[in-house]
Amino acid sequence: MRGRNLKVRLLIGVAIALFFVFKRCSQREENPYTGRMQTISMTPDKEIAIGLQSAPQMAQQHGGLHPNNQYQALVDNVGNKLVNNSIARQTPYKYEFHLLADPNAINAFALPGGQIFITHALFSKLENEDQLAGVLGHEIGHVLGRHSAERIAESEYWQGLATAGSVGADMGGLVSGIGQNTLLTNGRDDELESDDLGVKFMIKAGYNPKEMIGVMEILKSAAGPNRVPEFKSTHPDPDNRIEKIEEAIIKYKNQ
């Protein structure tokens with residue numbers, strides 16, 4: 001009886017796994033703005049809705065919006081200039097740029113659908129408008145690259161396989177671990193793709209793309225000598241990013 005139950009569980013586990021494999025295959029589509037094939041489980045409208053819903057909470061976690069209207073106007077002007085002079089203008093996303101009051105966390109990030117944030121801690125370290133364009137261009141790249149939507153779809157896939165593994169045998173933890181490693185690697189690829197797109201947007205908008213290298217130097221300095229090794233991080237090492245940025249500058253300036 002025990003052997004029969006195990007066989008039934010194994011068959012159910014296989015069926016669940018096949019369902020998620022077929023589901024993932026059906027969700028593969030080409031990103032019209034980057035040309036890259038991705039697994040996407042939501043529409044652009046859903047991405048926009050998620051971003052708008054999450055934006056207030058994200059702002060609250062970083063001390064709310066910065067009160068200086070002049071600084072906010074600069075962020076808006078640079079962000080809109082990047083959008084209006086690039087392929088980002090052709091996307092369905094609603095780009096909005098927010099300067100956060102956070103004086104400690106040196107960070108910038110994008111939510112699905114076009115909500116983009118930069119903390120005052122990072123803003124205050126930037127040396128010129130071109131570096132601000134580098135930061136915002138990178139974040140626009142995350143939105144246009146649909147990286148959050150792709151991560152959500154991939155997470156659903158690996159969680160599904162983990163469920164199948166736990167039903168079929170005691171393998172859920174193993175499958176889940178493989179999924180996490182895959183997401184970590186893809187995360188680094190997302191950062192490099194966004195750097196590449198950011199360089200392209202900067203050139204299109206008339207900014208000096210070499211200033212993105214200056215942003216990398218700021219991030220490297222902020223991390224200090226004890227920064228997390230690349231193999232443990234979702235972000236590529238700043239030195240590796242600088243090398244790729246230099247390659248992107250040559251590529252796009254010759255186009």
# chains A, B, ... in the order shown; residues from 1 in each chain; ligands from 1
>>> residues_around(residues="Gly64 (chain A)", least_positions_apart="5", cutoff="6 Å", atoms="only C-alpha atoms", output="ChimeraX atom specification")
/A:59,100-101
>>> residues_around(residues="Gln90 (chain A)", least_positions_apart="4", cutoff="12 Å", atoms="only C-alpha atoms", output="PyMOL selection string")
chain A and resi 32-33+83-86+94-95+144
>>> closest_residue(among="A:Arg36, A:His66, A:Lys210, A:His147", to="Lys253 (chain A)", atoms="only C-alpha atoms")
A:Lys210
>>> atom_distance(atom1="CA of Leu99 (chain A)", atom2="CA of Ile118 (chain A)")
5.2 Å
>>> residues_around(residues="region 106-113 of chain A", least_positions_apart="6", cutoff="7 Å", atoms="only C-alpha atoms", output="number ranges by chain")
A: 44, 47-48, 50-51, 93-94, 119, 121-122, 139, 142-143, 148-149
>>> residues_around(residues="region 67-80 of chain A", least_positions_apart="4", cutoff="12 Å", atoms="only C-alpha atoms", output="JSON list (two decimals) with C-alpha atoms, in the first residue's frame")
[["chain", "number", "residue", "atom", "x", "y", "z"],
["A", 63, "GLY", "CA", 11.07, 58.66, 4.77],
["A", 84, "ASN", "CA", 11.05, 61.64, -24.62],
["A", 85, "ASN", "CA", 14.27, 61.14, -26.58],
["A", 86, "SER", "CA", 14.30, 57.35, -26.53],
["A", 88, "ALA", "CA", 10.85, 54.52, -23.80],
["A", 89, "ARG", "CA", 8.39, 57.07, -25.18],
["A", 94, "LYS", "CA", 3.60, 55.79, -17.23],
["A", 95, "TYR", "CA", 7.00, 57.03, -16.11],
["A", 96, "GLU", "CA", 7.03, 59.02, -12.88],
["A", 97, "PHE", "CA", 10.17, 60.06, -11.01],
["A", 98, "HIS", "CA", 10.33, 60.45, -7.24],
["A", 99, "LEU", "CA", 13.07, 61.93, -5.05],
["A", 100, "LEU", "CA", 12.94, 60.24, -1.65],
["A", 101, "ALA", "CA", 13.91, 61.95, 1.60],
["A", 102, "ASP", "CA", 16.05, 59.01, 2.81],
["A", 114, "GLY", "CA", 7.28, 53.16, -14.62],
["A", 115, "GLN", "CA", 7.46, 54.29, -10.98],
["A", 116, "ILE", "CA", 11.12, 55.30, -10.49],
["A", 117, "PHE", "CA", 12.78, 56.38, -7.24],
["A", 118, "ILE", "CA", 16.13, 57.85, -6.18],
["A", 119, "THR", "CA", 17.07, 58.55, -2.57],
["A", 120, "HIS", "CA", 18.47, 61.90, -1.50],
["A", 123, "PHE", "CA", 21.16, 62.26, -5.29],
["A", 124, "SER", "CA", 23.41, 64.33, -3.00],
["A", 126, "LEU", "CA", 26.00, 62.89, -7.77],
["A", 128, "ASN", "CA", 26.35, 66.68, -12.23],
["A", 129, "GLU", "CA", 23.15, 66.32, -14.25],
["A", 130, "ASP", "CA", 24.73, 63.73, -16.53],
["A", 131, "GLN", "CA", 25.28, 61.38, -13.59],
["A", 132, "LEU", "CA", 21.66, 61.83, -12.58],
["A", 133, "ALA", "CA", 20.74, 60.90, -16.15],
["A", 134, "GLY", "CA", 22.86, 57.77, -15.79],
["A", 135, "VAL", "CA", 21.00, 56.68, -12.66],
["A", 136, "LEU", "CA", 17.53, 57.41, -14.06],
["A", 137, "GLY", "CA", 18.40, 55.93, -17.47],
["A", 138, "HIS", "CA", 19.41, 52.70, -15.77],
["A", 139, "GLU", "CA", 16.10, 52.56, -13.89],
["A", 140, "ILE", "CA", 14.10, 53.29, -17.06],
["A", 141, "GLY", "CA", 15.95, 50.32, -18.53],
["A", 198, "GLY", "CA", 20.93, 53.59, -19.81],
["A", 201, "PHE", "CA", 19.21, 56.65, -23.48],
["A", 202, "MET", "CA", 21.90, 59.09, -22.29],
["A", 205, "ALA", "CA", 19.13, 62.65, -24.88],
["A", 206, "GLY", "CA", 22.47, 64.43, -25.34],
["A", 207, "TYR", "CA", 24.08, 63.46, -22.04]]
>>> select_by_dssp(residues="region 47-136 of chain A", states="helix (DSSP H, G or I)", output="number ranges by chain")
A: 47-61, 69-84, 87-90, 120-123, 129-136
